[in-house]
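Here's protein-v2.pdb, which has PDB, N, CA and C atoms, pLDDT in the B column:
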ATOM      1  N   MET A   3     -22.575   3.424   2.836  1.00 53.00           N
ATOM      2  CA  MET A   3     -21.928   4.298   1.882  1.00 53.00           C
ATOM      3  C   MET A   3     -22.761   5.569   1.741  1.00 53.00           C
ATOM      4  N   VAL A   4     -22.114   6.713   1.785  1.00 51.00           N
ATOM      5  CA  VAL A   4     -22.787   7.998   1.665  1.00 51.00           C
ATOM      6  C   VAL A   4     -22.780   8.411   0.195  1.00 51.00           C
ATOM      7  N   HIS A   5     -23.931   8.822  -0.295  1.00 53.00           N
ATOM      8  CA  HIS A   5     -24.059   9.254  -1.681  1.00 53.00           C
ATOM      9  C   HIS A   5     -24.000  10.774  -1.732  1.00 53.00           C
ATOM     10  N   TYR A   6     -23.106  11.302  -2.548  1.00 53.00           N
ATOM     11  CA  TYR A   6     -22.963  12.752  -2.693  1.00 53.00           C
ATOM     12  C   TYR A   6     -23.947  13.260  -3.731  1.00 53.00           C
ATOM     13  N   ASP A   7     -24.751  14.220  -3.351  1.00 57.00           N
ATOM     14  CA  ASP A   7     -25.711  14.828  -4.268  1.00 57.00           C
ATOM     15  C   ASP A   7     -25.282  16.265  -4.527  1.00 57.00           C
ATOM     16  N   PRO A   8     -24.701  16.539  -5.716  1.00 54.00           N
ATOM     17  CA  PRO A   8     -24.207  17.893  -5.984  1.00 54.00           C
ATOM     18  C   PRO A   8     -25.307  18.944  -5.996  1.00 54.00           C
ATOM     19  N   MET A   9     -26.543  18.551  -6.240  1.00 61.00           N
ATOM     20  CA  MET A   9     -27.640  19.515  -6.261  1.00 61.00           C
ATOM     21  C   MET A   9     -27.941  20.053  -4.858  1.00 61.00           C
ATOM     22  N   SER A  10     -27.530  19.306  -3.839  1.00 69.00           N
ATOM     23  CA  SER A  10     -27.769  19.773  -2.471  1.00 69.00           C
ATOM     24  C   SER A  10     -26.720  20.793  -2.039  1.00 69.00           C
ATOM     25  N   GLN A  11     -25.691  20.971  -2.844  1.00 80.00           N
ATOM     26  CA  GLN A  11     -24.591  21.872  -2.507  1.00 80.00           C
ATOM     27  C   GLN A  11     -24.402  22.959  -3.561  1.00 80.00           C
ATOM     28  N   LEU A  12     -25.484  23.574  -4.002  1.00 90.00           N
ATOM     29  CA  LEU A  12     -25.374  24.633  -5.003  1.00 90.00           C
ATOM     30  C   LEU A  12     -24.672  25.845  -4.391  1.00 90.00           C
ATOM     31  N   PRO A  13     -23.664  26.371  -5.064  1.00 93.00           N
ATOM     32  CA  PRO A  13     -23.000  27.564  -4.554  1.00 93.00           C
ATOM     33  C   PRO A  13     -23.984  28.736  -4.471  1.00 93.00           C
ATOM     34  N   GLU A  14     -23.883  29.511  -3.423  1.00 93.00           N
ATOM     35  CA  GLU A  14     -24.800  30.633  -3.213  1.00 93.00           C
ATOM     36  C   GLU A  14     -24.769  31.612  -4.382  1.00 93.00           C
ATOM     37  N   GLY A  15     -23.589  31.909  -4.882  1.00 95.00           N
ATOM     38  CA  GLY A  15     -23.468  32.833  -6.012  1.00 95.00           C
ATOM     39  C   GLY A  15     -24.155  32.307  -7.265  1.00 95.00           C
ATOM     40  N   PHE A  16     -24.116  30.993  -7.445  1.00 96.00           N
ATOM     41  CA  PHE A  16     -24.757  30.360  -8.592  1.00 96.00           C
ATOM     42  C   PHE A  16     -26.275  30.498  -8.486  1.00 96.00           C
ATOM     43  N   THR A  17     -26.816  30.211  -7.317  1.00 95.00           N
ATOM     44  CA  THR A  17     -28.270  30.323  -7.149  1.00 95.00           C
ATOM     45  C   THR A  17     -28.718  31.775  -7.281  1.00 95.00           C
ATOM     46  N   MET A  18     -27.930  32.711  -6.781  1.00 95.00           N
ATOM     47  CA  MET A  18     -28.286  34.126  -6.901  1.00 95.00           C
ATOM     48  C   MET A  18     -28.249  34.571  -8.364  1.00 95.00           C
ATOM     49  N   ALA A  19     -27.220  34.139  -9.100  1.00 96.00           N
ATOM     50  CA  ALA A  19     -27.117  34.504 -10.513  1.00 96.00           C
ATOM     51  C   ALA A  19     -28.248  33.876 -11.318  1.00 96.00           C
ATOM     52  N   LEU A  20     -28.613  32.635 -11.003  1.00 95.00           N
ATOM     53  CA  LEU A  20     -29.742  31.989 -11.684  1.00 95.00           C
ATOM     54  C   LEU A  20     -31.043  32.741 -11.414  1.00 95.00           C
ATOM     55  N   ALA A  21     -31.221  33.188 -10.179  1.00 95.00           N
ATOM     56  CA  ALA A  21     -32.442  33.914  -9.815  1.00 95.00           C
ATOM     57  C   ALA A  21     -32.572  35.225 -10.587  1.00 95.00           C
ATOM     58  N   GLN A  22     -31.449  35.785 -11.006  1.00 95.00           N
ATOM     59  CA  GLN A  22     -31.454  37.047 -11.745  1.00 95.00           C
ATOM     60  C   GLN A  22     -31.544  36.850 -13.254  1.00 95.00           C
ATOM     61  N   ASN A  23     -31.529  35.594 -13.694  1.00 95.00           N
ATOM     62  CA  ASN A  23     -31.561  35.304 -15.124  1.00 95.00           C
ATOM     63  C   ASN A  23     -32.597  34.206 -15.374  1.00 95.00           C
ATOM     64  N   PRO A  24     -33.867  34.599 -15.597  1.00 94.00           N
ATOM     65  CA  PRO A  24     -34.932  33.601 -15.753  1.00 94.00           C
ATOM     66  C   PRO A  24     -34.688  32.592 -16.875  1.00 94.00           C
ATOM     67  N   ALA A  25     -34.085  33.007 -17.967  1.00 94.00           N
ATOM     68  CA  ALA A  25     -33.814  32.073 -19.073  1.00 94.00           C
ATOM     69  C   ALA A  25     -32.816  31.001 -18.629  1.00 94.00           C
ATOM     70  N   ALA A  26     -31.801  31.413 -17.885  1.00 96.00           N
ATOM     71  CA  ALA A  26     -30.805  30.465 -17.394  1.00 96.00           C
ATOM     72  C   ALA A  26     -31.412  29.530 -16.355  1.00 96.00           C
ATOM     73  N   LEU A  27     -32.242  30.069 -15.493  1.00 95.00           N
ATOM     74  CA  LEU A  27     -32.901  29.246 -14.481  1.00 95.00           C
ATOM     75  C   LEU A  27     -33.762  28.180 -15.149  1.00 95.00           C
ATOM     76  N   ASP A  28     -34.515  28.573 -16.156  1.00 95.00           N
ATOM     77  CA  ASP A  28     -35.357  27.625 -16.889  1.00 95.00           C
ATOM     78  C   ASP A  28     -34.496  26.576 -17.582  1.00 95.00           C
ATOM     79  N   ALA A  29     -33.423  27.029 -18.238  1.00 95.00           N
ATOM     80  CA  ALA A  29     -32.530  26.099 -18.938  1.00 95.00           C
ATOM     81  C   ALA A  29     -31.903  25.112 -17.964  1.00 95.00           C
ATOM     82  N   PHE A  30     -31.450  25.597 -16.810  1.00 95.00           N
ATOM     83  CA  PHE A  30     -30.835  24.726 -15.812  1.00 95.00           C
ATOM     84  C   PHE A  30     -31.844  23.685 -15.324  1.00 95.00           C
ATOM     85  N   GLY A  31     -33.071  24.112 -15.106  1.00 93.00           N
ATOM     86  CA  GLY A  31     -34.105  23.190 -14.651  1.00 93.00           C
ATOM     87  C   GLY A  31     -34.425  22.097 -15.648  1.00 93.00           C
ATOM     88  N   ARG A  32     -34.209  22.355 -16.914  1.00 94.00           N
ATOM     89  CA  ARG A  32     -34.499  21.374 -17.965  1.00 94.00           C
ATOM     90  C   ARG A  32     -33.342  20.426 -18.278  1.00 94.00           C
ATOM     91  N   LEU A  33     -32.158  20.733 -17.757  1.00 94.00           N
ATOM     92  CA  LEU A  33     -30.998  19.888 -18.044  1.00 94.00           C
ATOM     93  C   LEU A  33     -31.136  18.511 -17.397  1.00 94.00           C
ATOM     94  N   PRO A  34     -30.621  17.480 -18.074  1.00 93.00           N
ATOM     95  CA  PRO A  34     -30.541  16.165 -17.432  1.00 93.00           C
ATOM     96  C   PRO A  34     -29.556  16.225 -16.260  1.00 93.00           C
ATOM     97  N   GLY A  35     -29.670  15.303 -15.347  1.00 90.00           N
ATOM     98  CA  GLY A  35     -28.866  15.296 -14.124  1.00 90.00           C
ATOM     99  C   GLY A  35     -27.380  15.431 -14.324  1.00 90.00           C
ATOM    100  N   GLN A  36     -26.815  14.723 -15.302  1.00 92.00           N
ATOM    101  CA  GLN A  36     -25.375  14.762 -15.512  1.00 92.00           C
ATOM    102  C   GLN A  36     -24.916  16.152 -15.959  1.00 92.00           C
ATOM    103  N   GLU A  37     -25.709  16.816 -16.799  1.00 93.00           N
ATOM    104  CA  GLU A  37     -25.338  18.166 -17.239  1.00 93.00           C
ATOM    105  C   GLU A  37     -25.497  19.170 -16.100  1.00 93.00           C
ATOM    106  N   LYS A  38     -26.514  18.982 -15.256  1.00 93.00           N
ATOM    107  CA  LYS A  38     -26.652  19.853 -14.078  1.00 93.00           C
ATOM    108  C   LYS A  38     -25.417  19.732 -13.203  1.00 93.00           C
ATOM    109  N   THR A  39     -24.989  18.501 -12.984  1.00 92.00           N
ATOM    110  CA  THR A  39     -23.803  18.265 -12.163  1.00 92.00           C
ATOM    111  C   THR A  39     -22.587  18.955 -12.763  1.00 92.00           C
ATOM    112  N   HIS A  40     -22.465  18.911 -14.083  1.00 93.00           N
ATOM    113  CA  HIS A  40     -21.360  19.580 -14.765  1.00 93.00           C
ATOM    114  C   HIS A  40     -21.369  21.079 -14.453  1.00 93.00           C
ATOM    115  N   TYR A  41     -22.537  21.728 -14.555  1.00 95.00           N
ATOM    116  CA  TYR A  41     -22.618  23.160 -14.292  1.00 95.00           C
ATOM    117  C   TYR A  41     -22.382  23.476 -12.813  1.00 95.00           C
ATOM    118  N   VAL A  42     -22.864  22.631 -11.925  1.00 95.00           N
ATOM    119  CA  VAL A  42     -22.628  22.854 -10.489  1.00 95.00           C
ATOM    120  C   VAL A  42     -21.129  22.746 -10.204  1.00 95.00           C
ATOM    121  N   ASP A  43     -20.481  21.754 -10.790  1.00 94.00           N
ATOM    122  CA  ASP A  43     -19.035  21.616 -10.600  1.00 94.00           C
ATOM    123  C   ASP A  43     -18.296  22.839 -11.130  1.00 94.00           C
ATOM    124  N   ARG A  44     -18.701  23.319 -12.291  1.00 95.00           N
ATOM    125  CA  ARG A  44     -18.073  24.523 -12.852  1.00 95.00           C
ATOM    126  C   ARG A  44     -18.323  25.730 -11.956  1.00 95.00           C
ATOM    127  N   ALA A  45     -19.520  25.821 -11.398  1.00 96.00           N
ATOM    128  CA  ALA A  45     -19.841  26.940 -10.504  1.00 96.00           C
ATOM    129  C   ALA A  45     -18.947  26.919  -9.270  1.00 96.00           C
ATOM    130  N   HIS A  46     -18.666  25.729  -8.752  1.00 95.00           N
ATOM    131  CA  HIS A  46     -17.770  25.608  -7.596  1.00 95.00           C
ATOM    132  C   HIS A  46     -16.354  26.062  -7.931  1.00 95.00           C
ATOM    133  N   GLN A  47     -15.984  26.003  -9.197  1.00 95.00           N
ATOM    134  CA  GLN A  47     -14.623  26.348  -9.609  1.00 95.00           C
ATOM    135  C   GLN A  47     -14.459  27.817  -9.993  1.00 95.00           C
ATOM    136  N   THR A  48     -15.549  28.577 -10.058  1.00 96.00           N
ATOM    137  CA  THR A  48     -15.414  29.986 -10.420  1.00 96.00           C
ATOM    138  C   THR A  48     -14.705  30.739  -9.298  1.00 96.00           C
ATOM    139  N   SER A  49     -13.975  31.768  -9.699  1.00 95.00           N
ATOM    140  CA  SER A  49     -13.225  32.522  -8.699  1.00 95.00           C
ATOM    141  C   SER A  49     -13.622  33.991  -8.649  1.00 95.00           C
ATOM    142  N   SER A  50     -14.643  34.351  -9.443  1.00 95.00           N
ATOM    143  CA  SER A  50     -15.083  35.738  -9.414  1.00 95.00           C
ATOM    144  C   SER A  50     -16.566  35.829  -9.789  1.00 95.00           C
ATOM    145  N   ARG A  51     -17.146  36.948  -9.448  1.00 94.00           N
ATOM    146  CA  ARG A  51     -18.543  37.204  -9.792  1.00 94.00           C
ATOM    147  C   ARG A  51     -18.727  37.208 -11.314  1.00 94.00           C
ATOM    148  N   GLU A  52     -17.743  37.749 -12.010  1.00 95.00           N
ATOM    149  CA  GLU A  52     -17.820  37.815 -13.476  1.00 95.00           C
ATOM    150  C   GLU A  52     -17.830  36.419 -14.096  1.00 95.00           C
ATOM    151  N   GLU A  53     -16.999  35.528 -13.566  1.00 96.00           N
ATOM    152  CA  GLU A  53     -16.983  34.152 -14.060  1.00 96.00           C
ATOM    153  C   GLU A  53     -18.330  33.479 -13.826  1.00 96.00           C
ATOM    154  N   MET A  54     -18.915  33.719 -12.663  1.00 96.00           N
ATOM    155  CA  MET A  54     -20.209  33.118 -12.348  1.00 96.00           C
ATOM    156  C   MET A  54     -21.284  33.662 -13.285  1.00 96.00           C
ATOM    157  N   ARG A  55     -21.269  34.962 -13.508  1.00 95.00           N
ATOM    158  CA  ARG A  55     -22.247  35.553 -14.427  1.00 95.00           C
ATOM    159  C   ARG A  55     -22.077  35.007 -15.834  1.00 95.00           C
ATOM    160  N   SER A  56     -20.851  34.807 -16.248  1.00 96.00           N
ATOM    161  CA  SER A  56     -20.575  34.251 -17.570  1.00 96.00           C
ATOM    162  C   SER A  56     -21.113  32.822 -17.686  1.00 96.00           C
ATOM    163  N   LEU A  57     -20.899  32.041 -16.659  1.00 96.00           N
ATOM    164  CA  LEU A  57     -21.406  30.673 -16.639  1.00 96.00           C
ATOM    165  C   LEU A  57     -22.927  30.648 -16.743  1.00 96.00           C
ATOM    166  N   VAL A  58     -23.581  31.493 -15.956  1.00 96.00           N
ATOM    167  CA  VAL A  58     -25.043  31.538 -15.966  1.00 96.00           C
ATOM    168  C   VAL A  58     -25.551  32.104 -17.293  1.00 96.00           C
ATOM    169  N   SER A  59     -24.859  33.081 -17.823  1.00 95.00           N
ATOM    170  CA  SER A  59     -25.234  33.632 -19.122  1.00 95.00           C
ATOM    171  C   SER A  59     -25.162  32.558 -20.205  1.00 95.00           C
ATOM    172  N   GLU A  60     -24.142  31.731 -20.131  1.00 92.00           N
ATOM    173  CA  GLU A  60     -23.981  30.617 -21.064  1.00 92.00           C
ATOM    174  C   GLU A  60     -25.216  29.706 -21.012  1.00 92.00           C
ATOM    175  N   LEU A  61     -25.661  29.420 -19.809  1.00 93.00           N
ATOM    176  CA  LEU A  61     -26.874  28.611 -19.649  1.00 93.00           C
ATOM    177  C   LEU A  61     -28.077  29.297 -20.289  1.00 93.00           C
ATOM    178  N   GLY A  62     -28.209  30.583 -20.050  1.00 90.00           N
ATOM    179  CA  GLY A  62     -29.340  31.336 -20.562  1.00 90.00           C
ATOM    180  C   GLY A  62     -29.387  31.428 -22.072  1.00 90.00           C
ATOM    181  N   LYS A  63     -28.215  31.309 -22.687  1.00 89.00           N
ATOM    182  CA  LYS A  63     -28.154  31.371 -24.151  1.00 89.00           C
ATOM    183  C   LYS A  63     -28.334  30.000 -24.780  1.00 89.00           C
ATOM    184  N   GLY A  64     -28.459  28.976 -23.955  1.00 79.00           N
ATOM    185  CA  GLY A  64     -28.748  27.639 -24.468  1.00 79.00           C
ATOM    186  C   GLY A  64     -27.558  26.815 -24.862  1.00 79.00           C
ATOM    187  N   TYR A  65     -26.349  27.204 -24.429  1.00 62.00           N
ATOM    188  CA  TYR A  65     -25.179  26.382 -24.720  1.00 62.00           C
ATOM    189  C   TYR A  65     -25.238  25.111 -23.882  1.00 62.00           C
ATOM    190  N   THR A  66     -24.826  24.021 -24.465  1.00 56.00           N
ATOM    191  CA  THR A  66     -24.768  22.765 -23.721  1.00 56.00           C
ATOM    192  C   THR A  66     -23.413  22.135 -23.914  1.00 56.00           C
ATOM    193  N   LEU A  67     -23.202  21.048 -23.216  1.00 53.00           N
ATOM    194  CA  LEU A  67     -21.903  20.340 -23.278  1.00 53.00           C
ATOM    195  C   LEU A  67     -21.562  19.917 -24.681  1.00 53.00           C
TER     196      LEU A  67
END
Could I get this file's structure written as structure tokens?
Amino acid sequence: MVHYDPMSQLPEGFTMALAQNPAALDAFGRLPGQEKTHYVDRAHQTSSREEMRSLVSELGKGYTL
């Protein structure tokens, strides 16, 4: 059985946006695994740069599930 690891498939736009927002990067790094997976899934569903920036900004402001 193959195990899917969502952390191995981070969207490029998500990683770039995190790199530009140190607070969001720190917040993402501190999230428990299930919440990280939630944000990665949401990042895969974004359809624009603005949506991705909004998602990362949300992380940087400390919003959680």
Query raised in the report: Between A:Gly62, A:Leu12, A:Arg55, A:His46, which one has atoms that come closest to A:Asp28, using only C-alpha atoms?
Result: A:Gly62
Requested in this report: For atom C of A:Arg32 and atom CA of A:Thr48, determine how far apart the two atoms are, in Å to one decimal place.
Outcome: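 A separation of 21.8 Å between them.
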Report task. Run through the PyMOL selection byres ((chain A and resi 16-20) around 8) on the given coordinates and return the selected residues as a VMD selection string. Result -> chain A and resid 12 to 15 21 to 28 45 to 46 54 to 55 58 to 59
Query raised in the report: Distance atom CA of A:Lys63-atom CA of A:Lys38, one decimal place?
Result: 15.4 Å
Query raised in the report: So how many Å separate atom N of A:Gly31 and atom CA of A:Ser49, to one decimal?
Result: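 Calculated distance between atom N of A:Gly31 and atom CA of A:Ser49 is 22.5 Å.
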Requested in this report: Check chain A with DSSP on the backbone and list each residue it calls helix (DSSP H, G or I), as a VMD selection string.
Outcome: chain A and resid 8 to 11 14 to 21 24 to 32 35 to 47 51 to 62
